[in-house]
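Here is the file work10.txt (compact mmCIF, C-alpha atoms).
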```
# COMPACT_ATOMS: atom_id res chain seq x y z
CA MET A 1 23.26 -4.62 39.71
CA LYS A 2 21.90 -1.25 38.73
CA ILE A 3 20.19 -0.38 35.44
CA ILE A 4 18.83 3.02 34.50
CA ILE A 5 17.07 3.47 31.17
CA ARG A 6 17.15 7.00 29.83
CA SER A 7 14.59 7.79 27.16
CA GLN A 8 16.63 10.83 26.08
CA SER A 9 19.75 8.76 25.50
CA GLU A 10 21.20 8.50 21.99
CA LEU A 11 21.70 4.79 22.55
CA PRO A 12 18.94 2.28 21.90
CA ILE A 13 17.58 0.64 25.06
CA TYR A 14 19.29 -2.73 24.49
CA ALA A 15 22.65 -0.94 24.13
CA GLN A 16 22.05 1.04 27.33
CA ILE A 17 21.39 -2.19 29.23
CA ALA A 18 24.44 -3.92 27.73
CA GLU A 19 26.67 -0.94 28.43
CA GLN A 20 25.67 -0.66 32.07
CA ILE A 21 26.11 -4.37 32.77
CA ARG A 22 29.46 -4.34 30.91
CA GLU A 23 30.61 -1.37 32.98
CA GLN A 24 29.65 -3.04 36.23
CA ILE A 25 31.42 -6.27 35.27
CA LEU A 26 34.58 -4.38 34.27
CA THR A 27 34.66 -2.42 37.53
CA GLY A 28 33.96 -5.57 39.53
CA THR A 29 30.62 -4.31 40.91
CA ILE A 30 29.16 -7.48 39.43
CA PRO A 31 31.67 -10.16 40.43
CA GLU A 32 32.76 -13.03 38.24
CA GLY A 33 30.57 -16.09 38.69
CA ALA A 34 27.56 -13.95 39.58
CA VAL A 35 24.26 -15.16 38.15
CA LEU A 36 22.37 -12.45 36.26
CA PRO A 37 18.56 -12.29 36.29
CA SER A 38 16.91 -14.22 33.48
CA ILE A 39 16.09 -12.39 30.27
CA ARG A 40 12.38 -12.48 31.10
CA ALA A 41 12.81 -11.47 34.74
CA LEU A 42 14.98 -8.51 33.76
CA ALA A 43 12.52 -7.39 31.06
CA ARG A 44 9.68 -7.49 33.54
CA GLU A 45 11.65 -5.73 36.25
CA ILE A 46 12.77 -2.76 34.18
CA GLY A 47 9.66 -2.62 31.99
CA VAL A 48 11.18 -3.30 28.57
CA SER A 49 10.42 -5.92 25.96
CA VAL A 50 11.83 -9.45 26.08
CA ILE A 51 13.47 -8.96 22.68
CA THR A 52 15.31 -5.94 24.06
CA THR A 53 16.87 -7.79 27.00
CA THR A 54 17.57 -10.81 24.78
CA ARG A 55 19.59 -8.57 22.51
CA ALA A 56 21.49 -6.94 25.39
CA TYR A 57 22.49 -10.34 26.79
CA GLY A 58 23.32 -11.55 23.27
CA ASP A 59 25.81 -8.71 22.81
CA LEU A 60 27.43 -9.31 26.20
CA GLU A 61 27.69 -13.00 25.39
CA LYS A 62 29.43 -12.27 22.08
CA GLU A 63 31.88 -9.98 23.86
CA GLY A 64 32.71 -12.74 26.33
CA PHE A 65 31.35 -11.12 29.47
CA ILE A 66 28.62 -13.61 30.19
CA ALA A 67 27.51 -17.09 29.16
CA ALA A 68 24.29 -19.04 29.43
CA VAL A 69 24.93 -22.07 31.61
CA GLN A 70 22.41 -24.91 31.42
CA GLY A 71 20.49 -25.20 34.67
CA THR A 72 22.14 -22.20 36.32
CA GLY A 73 21.23 -19.26 34.15
CA THR A 74 23.34 -16.44 32.77
CA VAL A 75 26.70 -16.31 34.50
CA VAL A 76 29.41 -13.64 34.54
CA LEU A 77 32.56 -15.21 33.08
CA SER A 78 36.04 -15.24 34.53
CA ARG A 79 38.28 -12.31 33.69
CA ASP A 80 40.94 -14.69 32.40
CA ASN A 81 39.05 -15.51 29.27
CA GLU A 82 40.45 -14.40 25.94
CA LEU A 83 37.57 -12.22 24.76
CA LEU A 84 37.33 -10.34 28.01
CA ARG A 85 41.08 -9.78 28.03
CA GLU A 86 40.70 -8.10 24.68
CA GLN A 87 38.00 -5.82 26.10
CA TYR A 88 40.31 -4.86 28.96
CA LEU A 89 43.21 -4.31 26.60
CA LYS A 90 41.07 -2.03 24.49
CA ARG A 91 40.14 -0.01 27.56
CA VAL A 92 43.77 0.29 28.58
CA GLU A 93 44.68 1.43 25.06
CA ASP A 94 41.89 4.01 25.04
CA SER A 95 42.94 5.44 28.40
CA LEU A 96 46.58 5.54 27.33
CA MET A 97 45.66 7.30 24.10
CA ASP A 98 43.93 9.92 26.21
CA ALA A 99 47.02 10.25 28.37
CA ILE A 100 49.27 10.56 25.30
CA SER A 101 47.19 13.28 23.73
CA THR A 102 47.01 15.19 27.02
CA ALA A 103 50.77 14.82 27.44
CA ARG A 104 51.31 16.22 23.92
CA THR A 105 49.06 19.17 24.61
CA ALA A 106 51.00 19.83 27.82
CA GLY A 107 54.34 19.49 25.99
CA LEU A 108 55.50 16.43 27.94
CA ASP A 109 57.88 14.11 26.09
CA LYS A 110 57.79 10.30 26.00
CA LYS A 111 60.29 9.91 28.82
CA GLU A 112 58.33 12.21 31.12
CA LEU A 113 55.10 10.35 30.40
CA PHE A 114 56.82 7.01 31.12
CA ASP A 115 58.10 8.41 34.41
CA VAL A 116 54.58 9.43 35.41
CA LEU A 117 53.30 5.97 34.56
CA GLU A 118 56.11 4.30 36.50
CA ALA A 119 55.55 6.49 39.53
CA LEU A 120 51.81 5.89 39.50
CA TRP A 121 52.29 2.15 39.05
CA ALA A 122 54.71 2.03 41.96
CA SER A 123 52.47 4.04 44.26
CA GLU A 124 49.52 1.76 43.41
CA GLU A 125 51.62 -1.30 44.30
CA GLU A 126 52.54 0.11 47.68
CA VAL A 127 48.90 0.35 48.67
CA MET B 1 7.01 -21.95 18.75
CA GLU B 2 4.30 -19.79 17.19
CA LEU B 3 1.36 -19.38 19.54
CA LEU B 4 -0.78 -17.34 17.19
CA GLU B 5 -0.71 -17.83 13.43
CA VAL B 6 -2.79 -15.64 11.17
CA ARG B 7 -2.71 -16.57 7.49
CA GLY B 8 -4.27 -14.52 4.73
CA ILE B 9 -7.30 -13.18 6.59
CA THR B 10 -9.64 -11.29 4.27
CA LYS B 11 -13.00 -9.77 5.11
CA LYS B 12 -15.00 -7.65 2.68
CA TYR B 13 -17.55 -5.08 3.75
CA ALA B 14 -19.45 -2.58 1.62
CA LYS B 15 -17.05 0.26 2.38
CA PHE B 16 -14.03 -1.47 3.86
CA THR B 17 -11.90 -4.52 3.09
CA LEU B 18 -9.44 -6.20 5.38
CA ARG B 19 -7.00 -7.63 2.88
CA ASP B 20 -4.77 -10.66 3.21
CA ILE B 21 -3.53 -10.12 6.76
CA SER B 22 -0.80 -12.55 7.83
CA PHE B 23 1.47 -12.59 10.85
CA SER B 24 2.58 -14.86 13.64
CA LEU B 25 3.31 -14.28 17.31
CA PRO B 26 5.58 -16.68 19.21
CA ALA B 27 4.73 -17.86 22.72
CA GLY B 28 6.00 -15.52 25.43
CA TYR B 29 5.93 -12.25 23.48
CA ILE B 30 3.84 -9.10 23.15
CA MET B 31 2.68 -7.59 19.87
CA GLY B 32 1.23 -4.13 19.37
CA TYR B 33 -1.31 -3.85 16.54
CA VAL B 34 -1.12 -0.25 15.47
CA GLY B 35 -3.09 1.89 13.05
CA ARG B 36 -5.46 4.81 12.73
CA ASN B 37 -9.11 4.63 13.71
CA GLY B 38 -10.84 2.66 10.97
CA ALA B 39 -7.62 1.06 9.66
CA GLY B 40 -8.88 -2.46 10.41
CA LYS B 41 -7.57 -3.20 13.90
CA THR B 42 -10.87 -4.26 15.44
CA THR B 43 -11.84 -6.24 12.33
CA THR B 44 -8.58 -8.22 12.58
CA LEU B 45 -9.00 -8.87 16.29
CA SER B 46 -12.65 -9.84 15.77
CA ALA B 47 -11.59 -12.34 13.10
CA ILE B 48 -9.16 -13.87 15.60
CA THR B 49 -11.65 -13.99 18.48
CA ARG B 50 -14.30 -15.18 16.00
CA LEU B 51 -16.72 -12.41 16.73
CA ILE B 52 -16.81 -12.29 12.93
CA ARG B 53 -16.11 -14.98 10.37
CA PRO B 54 -13.45 -14.05 7.82
CA ASP B 55 -14.24 -14.60 4.11
CA SER B 56 -10.96 -16.45 3.74
CA GLY B 57 -7.77 -17.21 5.61
CA THR B 58 -6.99 -19.24 8.72
CA VAL B 59 -6.16 -18.50 12.34
CA THR B 60 -4.62 -20.99 14.75
CA ILE B 61 -3.96 -20.59 18.46
CA ASP B 62 -1.41 -23.07 19.73
CA GLY B 63 -2.10 -25.13 16.62
CA LEU B 64 -5.88 -25.18 17.12
CA ARG B 65 -8.33 -23.71 14.60
CA PHE B 66 -11.78 -22.47 15.64
CA GLU B 67 -13.31 -25.15 13.39
CA ASP B 68 -11.41 -27.90 15.24
CA ASP B 69 -12.99 -27.14 18.62
CA PRO B 70 -14.90 -23.86 19.00
CA ILE B 71 -15.18 -24.04 22.79
CA ALA B 72 -11.53 -24.86 23.45
CA TYR B 73 -10.51 -22.20 20.92
CA ARG B 74 -12.59 -19.46 22.57
CA ASP B 75 -11.52 -20.55 26.06
CA SER B 76 -7.88 -20.09 25.12
CA ILE B 77 -8.47 -16.37 24.53
CA GLY B 78 -8.80 -13.70 27.19
CA TYR B 79 -10.45 -10.67 25.57
CA ILE B 80 -10.47 -7.14 26.91
CA GLY B 81 -12.21 -4.48 24.85
CA ASP B 82 -12.57 -0.75 25.07
CA SER B 83 -16.00 -1.00 26.62
CA SER B 84 -17.34 -3.37 29.25
CA TYR B 85 -19.05 -6.46 27.91
CA PHE B 86 -20.72 -7.23 31.24
CA PRO B 87 -24.46 -6.66 31.66
CA ARG B 88 -24.79 -3.21 33.19
CA ARG B 89 -27.08 -4.16 36.04
CA MET B 90 -24.97 -7.06 37.23
CA THR B 91 -22.75 -6.77 40.30
CA LEU B 92 -19.26 -8.15 40.84
CA ARG B 93 -20.81 -11.07 42.70
CA ASP B 94 -23.15 -11.91 39.83
CA ILE B 95 -20.22 -11.87 37.41
CA ARG B 96 -18.18 -14.10 39.68
CA THR B 97 -21.03 -16.65 39.68
CA VAL B 98 -21.39 -16.53 35.89
CA LEU B 99 -17.65 -16.94 35.33
CA LYS B 100 -17.53 -19.86 37.73
CA ASP B 101 -20.37 -21.61 35.88
CA PHE B 102 -18.96 -20.77 32.50
CA TYR B 103 -15.26 -21.61 32.78
CA PRO B 104 -14.09 -24.84 34.42
CA SER B 105 -10.63 -23.32 34.99
CA PHE B 106 -11.97 -20.17 36.75
CA ASP B 107 -10.04 -19.52 39.96
CA ALA B 108 -12.54 -17.78 42.29
CA ALA B 109 -9.98 -17.16 45.03
CA ALA B 110 -7.59 -15.44 42.63
CA PHE B 111 -10.50 -13.37 41.29
CA ASP B 112 -11.48 -12.27 44.81
CA ALA B 113 -7.87 -11.36 45.59
CA LEU B 114 -7.62 -9.14 42.50
CA ALA B 115 -11.01 -7.55 43.15
CA GLU B 116 -9.91 -6.71 46.67
CA LYS B 117 -6.51 -5.41 45.59
CA TRP B 118 -8.17 -3.14 43.05
CA GLU B 119 -10.94 -2.13 45.46
CA LEU B 120 -13.76 -3.14 43.12
CA PRO B 121 -17.04 -2.77 45.02
CA ASP B 122 -18.85 -6.11 45.03
CA LYS B 123 -22.42 -4.95 45.60
CA ALA B 124 -22.57 -2.02 43.19
CA GLN B 125 -23.97 -2.42 39.69
CA ILE B 126 -21.39 -2.43 36.92
CA GLN B 127 -22.98 0.65 35.36
CA THR B 128 -21.83 2.68 38.36
CA TYR B 129 -18.20 1.60 37.83
CA SER B 130 -15.69 4.10 36.42
CA ARG B 131 -13.95 3.23 33.16
CA GLY B 132 -10.79 2.24 35.03
CA MET B 133 -12.79 -0.08 37.28
CA LYS B 134 -14.53 -1.70 34.32
CA VAL B 135 -11.21 -2.37 32.61
CA LYS B 136 -9.79 -3.83 35.80
CA LEU B 137 -12.83 -6.07 36.13
CA MET B 138 -12.32 -7.32 32.57
CA PHE B 139 -8.67 -8.01 33.35
CA ALA B 140 -9.61 -9.87 36.53
CA ALA B 141 -12.09 -12.00 34.57
CA ALA B 142 -9.52 -12.78 31.87
CA LEU B 143 -6.56 -13.40 34.19
CA CYS B 144 -8.32 -15.70 36.65
CA ARG B 145 -8.77 -18.58 34.28
CA GLU B 146 -6.48 -20.55 32.01
CA THR B 147 -5.89 -18.78 28.71
CA LYS B 148 -3.08 -18.84 26.17
CA ILE B 149 -3.39 -15.40 24.71
CA LEU B 150 -4.73 -12.05 25.86
CA ILE B 151 -6.28 -9.90 23.16
CA LEU B 152 -6.73 -6.24 24.06
CA ASP B 153 -8.69 -3.93 21.79
CA GLU B 154 -7.88 -0.34 22.75
CA ALA B 155 -8.18 -1.52 26.35
CA THR B 156 -5.85 1.09 27.81
CA THR B 157 -7.19 4.09 25.87
CA GLY B 158 -8.44 6.80 28.18
CA LEU B 159 -7.10 5.24 31.38
CA ASP B 160 -5.13 7.26 33.85
CA PRO B 161 -1.35 6.72 33.74
CA ARG B 162 -1.20 4.88 37.05
CA VAL B 163 -3.74 2.26 35.97
CA ARG B 164 -1.91 1.90 32.64
CA ARG B 165 1.34 1.20 34.45
CA GLU B 166 -0.37 -1.45 36.56
CA ILE B 167 -1.75 -3.09 33.43
CA LEU B 168 1.67 -2.99 31.82
CA LYS B 169 3.08 -5.00 34.73
CA LEU B 170 0.16 -7.43 34.55
CA LEU B 171 0.88 -8.08 30.89
CA GLN B 172 4.56 -8.67 31.59
CA ASP B 173 3.65 -11.06 34.41
CA TYR B 174 1.32 -12.88 32.05
CA ILE B 175 4.04 -13.58 29.47
CA ALA B 176 6.82 -14.14 32.03
CA ASP B 177 6.66 -17.95 31.83
CA GLY B 178 7.27 -17.86 28.08
CA LYS B 179 4.05 -19.74 27.34
CA HIS B 180 1.54 -16.92 27.02
CA SER B 181 1.33 -14.08 24.55
CA VAL B 182 -0.41 -10.72 24.28
CA LEU B 183 -1.83 -9.03 21.21
CA PHE B 184 -3.04 -5.49 21.80
CA SER B 185 -4.41 -2.91 19.43
CA THR B 186 -4.06 0.79 19.90
CA HIS B 187 -4.01 4.02 17.93
CA ILE B 188 -1.53 5.59 20.34
CA MET B 189 1.50 3.57 21.39
CA GLU B 190 2.81 5.80 24.15
CA ASP B 191 3.45 3.75 27.26
CA LEU B 192 2.79 0.33 25.79
CA GLN B 193 5.70 1.01 23.45
CA ASP B 194 8.21 -0.03 26.09
CA ILE B 195 6.99 -3.59 26.56
CA ALA B 196 5.99 -4.52 22.99
CA ASP B 197 8.30 -7.01 21.27
CA TYR B 198 6.71 -6.74 17.84
CA ILE B 199 4.75 -4.04 16.05
CA PHE B 200 2.21 -4.72 13.33
CA PHE B 201 1.23 -1.56 11.47
CA ILE B 202 -2.03 -1.61 9.51
CA GLU B 203 -3.42 1.07 7.18
CA ARG B 204 -6.59 0.93 5.09
CA GLY B 205 -7.05 -2.76 5.80
CA GLU B 206 -3.56 -3.74 4.68
CA LYS B 207 -0.29 -4.55 6.34
CA VAL B 208 2.36 -1.80 6.23
CA PHE B 209 4.95 -3.70 8.24
CA CYS B 210 5.29 -6.29 10.99
CA GLU B 211 8.68 -6.37 12.69
CA PRO B 212 10.50 -6.47 16.02
CA LYS B 213 10.02 -3.07 17.65
CA ASP B 214 13.73 -2.57 18.28
CA ASP B 215 14.47 -3.05 14.56
CA ILE B 216 11.84 -0.49 13.57
CA LEU B 217 13.13 2.06 16.08
CA GLU B 218 16.62 1.65 14.72
CA SER B 219 15.55 1.99 11.10
CA TYR B 220 14.80 5.70 11.35
CA LEU B 221 15.95 8.97 12.80
CA LEU B 222 13.65 11.92 13.31
CA VAL B 223 15.39 14.83 11.62
CA LYS B 224 14.60 18.54 11.77
CA GLY B 225 16.18 21.45 9.99
CA GLY B 226 15.74 24.89 8.50
CA PRO B 227 14.06 25.47 5.11
CA GLU B 228 17.39 25.98 3.28
CA GLU B 229 18.74 22.63 4.47
CA LEU B 230 16.03 20.70 2.68
CA THR B 231 17.73 20.09 -0.65
CA PRO B 232 15.77 18.24 -3.37
CA GLU B 233 18.30 15.42 -3.06
CA LEU B 234 17.61 15.10 0.66
CA GLU B 235 13.85 15.48 0.27
CA ARG B 236 13.68 12.51 -2.14
CA LEU B 237 15.19 10.32 0.54
CA LEU B 238 13.22 11.50 3.55
CA ILE B 239 9.87 10.00 4.54
CA GLY B 240 6.78 12.08 5.33
CA VAL B 241 8.35 15.51 5.11
CA GLU B 242 6.33 18.05 7.09
CA LYS B 243 7.21 21.60 6.14
CA HIS B 244 6.44 24.79 7.96
CA ASP B 245 7.62 28.36 7.36
CA TYR B 246 10.74 28.04 9.47
CA GLY B 247 11.82 24.49 8.82
CA PHE B 248 10.83 20.88 8.33
CA GLN B 249 10.61 17.56 10.12
CA ALA B 250 10.83 14.07 8.57
CA LEU B 251 12.03 10.51 8.97
CA TYR B 252 15.50 9.61 7.77
CA PRO B 253 16.10 5.93 6.96
CA THR B 254 19.31 4.97 8.78
CA ASP B 255 20.37 2.59 6.01
CA SER B 256 20.36 5.30 3.37
CA ALA B 257 23.41 5.96 1.20
CA LEU B 258 23.32 9.73 1.64
CA ALA B 259 24.94 10.87 4.86
CA LEU B 260 22.91 13.10 7.11
CA PRO B 261 23.99 16.76 6.78
CA PRO B 262 25.52 17.75 10.15
CA ALA B 263 23.43 20.94 10.29
CA LEU B 264 20.27 18.90 10.84
CA SER B 265 19.10 17.90 14.28
CA ALA B 266 18.59 14.16 14.57
CA GLU B 267 16.95 12.21 17.36
CA LYS B 268 15.48 8.81 18.12
CA PRO B 269 11.84 8.72 17.02
CA THR B 270 8.99 7.08 18.93
CA ILE B 271 6.78 4.48 17.25
CA ASP B 272 4.01 7.09 17.08
CA GLN B 273 6.29 9.52 15.25
CA ILE B 274 7.36 6.80 12.81
CA VAL B 275 3.73 5.88 12.13
CA VAL B 276 2.69 9.52 11.62
CA HIS B 277 5.47 10.21 9.11
CA ILE B 278 4.95 6.98 7.18
CA LEU B 279 1.24 7.84 6.89
CA GLU B 280 2.14 11.38 5.87
CA GLY B 281 4.45 9.98 3.19
CA ARG B 282 1.64 7.84 1.77
CA GLU B 283 -0.86 10.67 1.42
```
Represent the structure from my file as structure tokens, please.
Amino acid sequence: MKIIIRSQSELPIYAQIAEQIREQILTGTIPEGAVLPSIRALAREIGVSVITTTRAYGDLEKEGFIAAVQGTGTVVLSRDNELLREQYLKRVEDSLMDAISTARTAGLDKKELFDVLEALWASEEEV
Amino acid sequence: MELLEVRGITKKYAKFTLRDISFSLPAGYIMGYVGRNGAGKTTTLSAITRLIRPDSGTVTIDGLRFEDDPIAYRDSIGYIGDSSYFPRRMTLRDIRTVLKDFYPSFDAAAFDALAEKWELPDKAQIQTYSRGMKVKLMFAAALCRETKILILDEATTGLDPRVRREILKLLQDYIADGKHSVLFSTHIMEDLQDIADYIFFIERGEKVFCEPKDDILESYLLVKGGPEELTPELERLLIGVEKHDYGFQALYPTDSALALPPALSAEKPTIDQIVVHILEGRE
């Protein structure tokens, strides 16, 4: 796990922490079932307040990325869970929206865009 | 669970009154007690450590009042001030002996380890110590016995940044088990800002606010703009407007109904900037 706090960032510190952990869970850098450091250990390690890390973990918990498990600590949840699926779906939608707007700018029609998607999907499956 | 409870502390002096100060600090957290010089920080801390007796109000540490058991109450506090409270002609060894006699829970081995780590000379008189060394010695004395709360009165003022960073880590280690708390006073937040969970802001002996630091930081934006952008409508809403010939700077409350004009520059303020503008707005 990697966390970098930027004092110049527009985001508050708790949001920076949450965002970076979220990103690493979504990309699989932090695998499902992984145990995250405790709220207090993380605060100490990165030099922020306990309330700040509590809030970051609280947000990730609400979004379904992690859960506090009695006796184990804070655990990264399985990607099958409903809330997390929604997060993934939202990401897919966002990326597709980008693709659609780029396609429009480039003058591609729906069929052409679908073809690109199909081709990319197929080439990914071959790998 | 609240480790420190301060209820309605009042202390009247000829030229200054500390008025009705109340707050609580849960176990395992750090609070910064912020205000200008002379705002009442040291008076508050002295009322908690019982260097002075408040005219009214109560203080409990882990449920215990000073009146219940003065020795146990004082022992539960580790105090670090802005100047050394050790006799100037004593050496580290002398202090070690005194601490050992004085506090049953004093851990001499832990004290020696810290003194060695920080390279505190053991045969030199305390008066020859640098300010950084004196502060470290006070920390060593406070950390090597069982306490429940550390109270720091401007303890990090004037220290070099490296020593301050070390102290920051020490404070975080101290609260890591969730059973100990830290209350520190300062007139400049700077690097202690990062680790503080709560901020109490005092001005002229009275509370201005006491809230989680993250909430305070999110309540305001520091906005800057040219003179023509400061409409009367906007000025009414801003806090502590500082004008100069070519523009202005002020705090913008993020919950305000009026949207921020896009021409203004807006950034996250520091606690110091928030404090300065709130004080400016009260003048």
Counting all atoms listed in the file, what are the residues of chain A within 7 Å of chain B, and for each of them which pair of atoms is the nearest and at what distance in Å, to one decimal? Sort the table by chain and rising number, as CSV.
```
residue,atom,partner,partner_atom,distance
A:Glu10,CA,B:Lys268,CA,6.9
A:Arg40,CA,B:Ala176,CA,5.9
A:Arg44,CA,B:Gln172,CA,5.6
A:Gly47,CA,B:Ile195,CA,6.1
A:Val48,CA,B:Ile195,CA,4.7
A:Ser49,CA,B:Ile195,CA,4.2
A:Val50,CA,B:Asp197,CA,6.4
A:Ile51,CA,B:Asp197,CA,5.7
A:Thr52,CA,B:Asp214,CA,6.9
```
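Taking atom CA of Ser130 of chain B and atom CA of Ile80 of chain B as the two end points, the separation is 15.6 Å.
Near Phe111 of chain B, within 10 Å and counting all atoms listed in the file, sit Arg96, Leu99, Phe106, Asp107, Ala108, Leu114, Ala115, Glu116, Lys117, Leu137, Phe139, Ala140, Ala141, Ala142, Leu143, Cys144 and Arg145 of chain B; same-chain residues fewer than 3 positions away were not included.
Interatomic distance, atom CA of Pro37 of chain A to atom CA of Gly73 of chain A: 7.8 Å.
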I want to know what sits within 10 Å of Arg93 of chain B, based on all atoms listed in the file, with residues of the same chain fewer than 2 positions away left out; could you give that as a compact mmCIF listing (two decimals) with C-alpha atoms, in the coordinates of the input?
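Below is the file that was written, out34.txt:
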```txt
# COMPACT_ATOMS: atom_id res chain seq x y z
CA MET B 90 -24.97 -7.06 37.23
CA THR B 91 -22.75 -6.77 40.30
CA ILE B 95 -20.22 -11.87 37.41
CA ARG B 96 -18.18 -14.10 39.68
CA THR B 97 -21.03 -16.65 39.68
CA VAL B 98 -21.39 -16.53 35.89
CA LEU B 99 -17.65 -16.94 35.33
CA ASP B 112 -11.48 -12.27 44.81
CA PRO B 121 -17.04 -2.77 45.02
CA ASP B 122 -18.85 -6.11 45.03
CA LYS B 123 -22.42 -4.95 45.60
CA ALA B 124 -22.57 -2.02 43.19
CA GLN B 125 -23.97 -2.42 39.69
```
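Checking B:Arg236, B:His187, B:Arg7, B:Lys224 one by one against Gln249 of chain B, counting only C-alpha atoms, you find the shortest gap at B:Lys224.
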So how far away is atom CA of Ile77 of chain B from atom CA of Glu2 of chain B, in Å?
15.1 Å
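Residues in contact with Gly71 of chain A at 12 Å, where all atoms listed in the file are counted and same-chain residues fewer than 4 positions away are skipped, are listed as Val35, Ser38 and Val75 of chain A.
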Using only C-alpha atoms, which of B:Glu235, B:Glu203, B:Glu146, B:Glu229 sits nearest Gly78 of chain B?
B:Glu146
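In terms of minimum interatomic distance to Leu4 of chain B, B:Gly63 ranks closest within B:Pro54, B:Gly205, B:Gly63, B:Gly32, counting only C-alpha atoms.
With only C-alpha atoms as the atoms that count, the residue of B:Ala110, B:Ser84, B:Ile202, B:Val208 with the shortest distance to Ala155 of chain B is B:Ser84.
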Can you rebuild segment 108-119 of chain A with N, CA and C atoms and give it as a short mmCIF file (atom, residue, chain, number, x, y, z; two decimals), in the coordinates of the input?
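result00.cif, freshly written:
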```cif
data_model
loop_
_atom_site.label_atom_id
_atom_site.label_comp_id
_atom_site.auth_asym_id
_atom_site.auth_seq_id
_atom_site.Cartn_x
_atom_site.Cartn_y
_atom_site.Cartn_z
N LEU A 108 54.68 17.46 27.30
CA LEU A 108 55.50 16.43 27.94
C LEU A 108 56.09 15.52 26.86
N ASP A 109 57.34 15.06 27.07
CA ASP A 109 57.88 14.11 26.09
C ASP A 109 57.63 12.68 26.58
N LYS A 110 58.07 11.71 25.74
CA LYS A 110 57.79 10.30 26.00
C LYS A 110 58.35 9.86 27.35
N LYS A 111 59.61 10.29 27.58
CA LYS A 111 60.29 9.91 28.82
C LYS A 111 59.51 10.38 30.05
N GLU A 112 59.07 11.65 29.99
CA GLU A 112 58.33 12.21 31.12
C GLU A 112 57.02 11.45 31.37
N LEU A 113 56.36 11.09 30.28
CA LEU A 113 55.10 10.35 30.40
C LEU A 113 55.35 8.97 31.03
N PHE A 114 56.45 8.32 30.56
CA PHE A 114 56.82 7.01 31.12
C PHE A 114 57.09 7.12 32.61
N ASP A 115 57.78 8.21 32.99
CA ASP A 115 58.10 8.41 34.41
C ASP A 115 56.83 8.53 35.24
N VAL A 116 55.86 9.27 34.69
CA VAL A 116 54.58 9.43 35.41
C VAL A 116 53.93 8.07 35.59
N LEU A 117 53.92 7.30 34.52
CA LEU A 117 53.30 5.97 34.56
C LEU A 117 54.00 5.09 35.60
N GLU A 118 55.32 5.10 35.55
CA GLU A 118 56.11 4.30 36.50
C GLU A 118 55.81 4.69 37.94
N ALA A 119 55.78 5.99 38.17
CA ALA A 119 55.55 6.49 39.53
C ALA A 119 54.16 6.08 40.02
#
```
